[in-house]
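A short worksheet on the structure shown next.
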Amino acid sequence: MSTAVRSNKLKLTDILVTIVIAVVFGVIYKIWGPTYDLMKPFGVHAEQMIYGMWFMAGTFAYIIIRKPGVAILAEVAASTVSAFLGSEWGMSTLVYGLLQGLGAEIFFAAFLYRKTNLFVTCLAAIGAAAASLLLDYQYGYIDSLSAWNYTLFIGFRFIGSILIAGVFAYYLAKALELTGVTRSLRPVSKQDYEALD
């Protein structure tokens with residue numbers, strides 16, 4: 001019996017699916033901007049609790065495709081769509097997309113692109129959040145905060161990132177997989193056949 005060998009190389013289908021996912025998230029990112037501002041009255045840095053939505057394209061796309069480079073591609077493409085739709089942060093959105101995707105990609109790479117569990121997805125969300133914080137500091141958005149204020153800001157961003165780009169992205173992807181839509185993206189492996197015996 002012949003079995004399909006899973007390649008780690010991105011195929012055209014993988015790229016196209018990633019781009020489709022990214023376009024959907026690019027639109028969501030644009031819509032999410034006003035939602036972010038609506039959270040501000042709920043307390044100091046409350047808006048950071050929903051910041052993780054901007055990292056979700058990378059983690060979600062990776063769980064679906066499970067190949068190197070997908071998190072970066074998804075984040076860059078989603079941020080590009082968001083920028084062209086008139087993101088309030090302009091072209092800096094592209095820089096954020098690139099580094100946030102890289103932040104997530106580092107953790108997927110650390111596990112050799114073999115793990116797609118909740119723990120790894122949450123680590124990738126933390127990586128994306130850390131990259132965004134570096135850029136925030138570089139652009140001068142947060143360099144003047146006091147220590148307690150900075151701690152609250154970072155803590156809320158990490159918590160929100162874990163909940164949205166980690167936990168929510170993971171379970172959303174798993175729910176999509178249950179529908180059978182993603183089966184064509186991952187051919188049957190030798191282990192799958194052996195499990196049937």
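Chain labels A, B, ... are given in the sequence in which chains occur in the structure tokens; within each chain residues are numbered consecutively from 1, and ligands are likewise numbered from 1 in the order shown.
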Hey, could you make a per-residue contact list for region 62-166 of chain A against region 19-27 of chain A with 6 Å as the cut-off, showing the nearest pair of atoms and its distance in Å to one decimal, counting only C-alpha atoms, sorted by chain and number, as a tab-separated table?
residue	atom	partner	partner_atom	distance
A:Ala74	CA	A:Ala22	CA	5.0
A:Ala77	CA	A:Ala22	CA	5.6
A:Ala78	CA	A:Gly26	CA	4.0
A:Ser79	CA	A:Gly26	CA	5.9
A:Val81	CA	A:Gly26	CA	4.9
A:Ser82	CA	A:Gly26	CA	4.7
Kindly save the residues from that selection, with all heavy atoms included, as a compact mmCIF listing (two decimals), in the first residue's frame.
# COMPACT_ATOMS: atom_id res chain seq x y z
N ALA A 74 1.30 34.62 6.79
CA ALA A 74 -0.08 34.99 7.17
C ALA A 74 -0.12 36.37 7.82
O ALA A 74 -1.00 37.18 7.50
CB ALA A 74 -0.66 33.94 8.11
N ALA A 77 0.71 39.12 5.15
CA ALA A 77 -0.42 39.29 4.21
C ALA A 77 -1.61 39.95 4.90
O ALA A 77 -2.24 40.84 4.33
CB ALA A 77 -0.80 37.94 3.63
N ALA A 78 -1.92 39.53 6.13
CA ALA A 78 -3.05 40.12 6.86
C ALA A 78 -2.80 41.59 7.16
O ALA A 78 -3.70 42.43 7.02
CB ALA A 78 -3.31 39.34 8.15
N SER A 79 -1.58 41.92 7.55
CA SER A 79 -1.27 43.33 7.85
C SER A 79 -1.28 44.17 6.58
O SER A 79 -1.66 45.34 6.60
CB SER A 79 0.07 43.45 8.58
OG SER A 79 1.13 43.02 7.76
N VAL A 81 -3.27 43.62 3.95
CA VAL A 81 -4.69 43.86 3.66
C VAL A 81 -5.23 44.96 4.58
O VAL A 81 -5.92 45.88 4.14
CB VAL A 81 -5.51 42.56 3.83
CG1 VAL A 81 -7.01 42.84 3.78
CG2 VAL A 81 -5.13 41.55 2.76
N SER A 82 -4.90 44.86 5.86
CA SER A 82 -5.35 45.85 6.84
C SER A 82 -4.85 47.25 6.47
O SER A 82 -5.60 48.23 6.53
CB SER A 82 -4.87 45.45 8.23
OG SER A 82 -5.24 46.40 9.19
For region 130-172 of chain A against region 46-50 of chain A, with a cut-off of 6 Å and counting only C-alpha atoms, what is the closest atom pair and its distance in Å to one decimal for every residue that makes the cut, ordered by chain and number, as a Markdown table?
| residue | atom | partner | partner_atom | distance |
| --- | --- | --- | --- | --- |
| A:Phe156 | CA | A:Met49 | CA | 5.2 |
| A:Arg157 | CA | A:Gln48 | CA | 4.6 |
| A:Gly160 | CA | A:Met49 | CA | 4.0 |
Export of prior selection with C-alpha atoms as a PDB file, in the first residue's frame:
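Result file follows (again.pdb):
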ATOM      1  CA  PHE A 156      -2.365  42.483  29.924  1.00  0.00           C
ATOM      2  CA  ARG A 157      -0.936  42.179  26.413  1.00  0.00           C
ATOM      3  CA  GLY A 160      -4.789  38.765  25.960  1.00  0.00           C
TER       4      GLY A 160
END
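Near region 60-62 of chain A, within 8 Å and counting only C-alpha atoms, sit Thr18, Ile21, Ala22, Val70, Ala71, Ala74, Ala165, Ala169, Tyr170, Leu172 and Ala173 of chain A, not including residues fewer than 6 positions from it in the same chain.
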With a distance cut-off of 6 Å and only C-alpha atoms, select the neighbouring residues of region 116-125 of chain A, excluding the residue or stretch itself and same-chain residues fewer than 6 positions from it, and output the selection as a PyMOL selection string. chain A and resi 63+104+107+161-162+165-166
Could you save those same residues with C-alpha atoms as an mmCIF file, in the first residue's frame?
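The file below, part.cif, is the result:
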data_model
loop_
_atom_site.group_PDB
_atom_site.id
_atom_site.type_symbol
_atom_site.label_atom_id
_atom_site.label_comp_id
_atom_site.auth_asym_id
_atom_site.auth_seq_id
_atom_site.Cartn_x
_atom_site.Cartn_y
_atom_site.Cartn_z
ATOM 1 C CA ILE A 63 -2.272 25.234 12.915
ATOM 2 C CA ALA A 104 5.310 33.370 16.390
ATOM 3 C CA PHE A 107 8.368 29.134 18.626
ATOM 4 C CA SER A 161 -2.408 37.267 23.408
ATOM 5 C CA ILE A 162 -2.456 33.866 25.083
ATOM 6 C CA ALA A 165 -4.001 34.166 19.520
ATOM 7 C CA GLY A 166 -3.250 31.076 21.599
#
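The shortest atom-to-atom distance to Ala130 (chain A), with only C-alpha atoms taken into account, belongs to A:Phe158 out of A:Tyr171, A:Phe111, A:Trp32, A:Phe158.
Between CA of Glu75 (chain A) and CA of Gly58 (chain A) there is a distance of 5.2 Å.
The neighbours of Leu99 (chain A) here are the residues that come within 10 Å of it, using only C-alpha atoms and leaving out any residue fewer than 6 positions away in the same chain; they are Ile72, Glu75, Val76, Glu105, Gly127, Ala128, Ala129, Ala130, Ala131, Ser132, Leu134 and Leu135 of chain A.
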Test item, helix (DSSP H, G or I) assignment across region 95-178 of chain A, answer as number ranges by chain: A: 95-110, 118-138, 147-178
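Straight-line separation from CA of Ala109 (chain A) to CA of Ile64 (chain A): 15.6 Å.
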Which polymer residues have any atom within 12 Å of an atom of Asp136 (chain A), counting only C-alpha atoms, with same-chain residues fewer than 6 positions away left out, as an MDAnalysis selection string? chainID A and resid 89 92:93 95:96 99:100 129:130 142:145 150 153:154 157
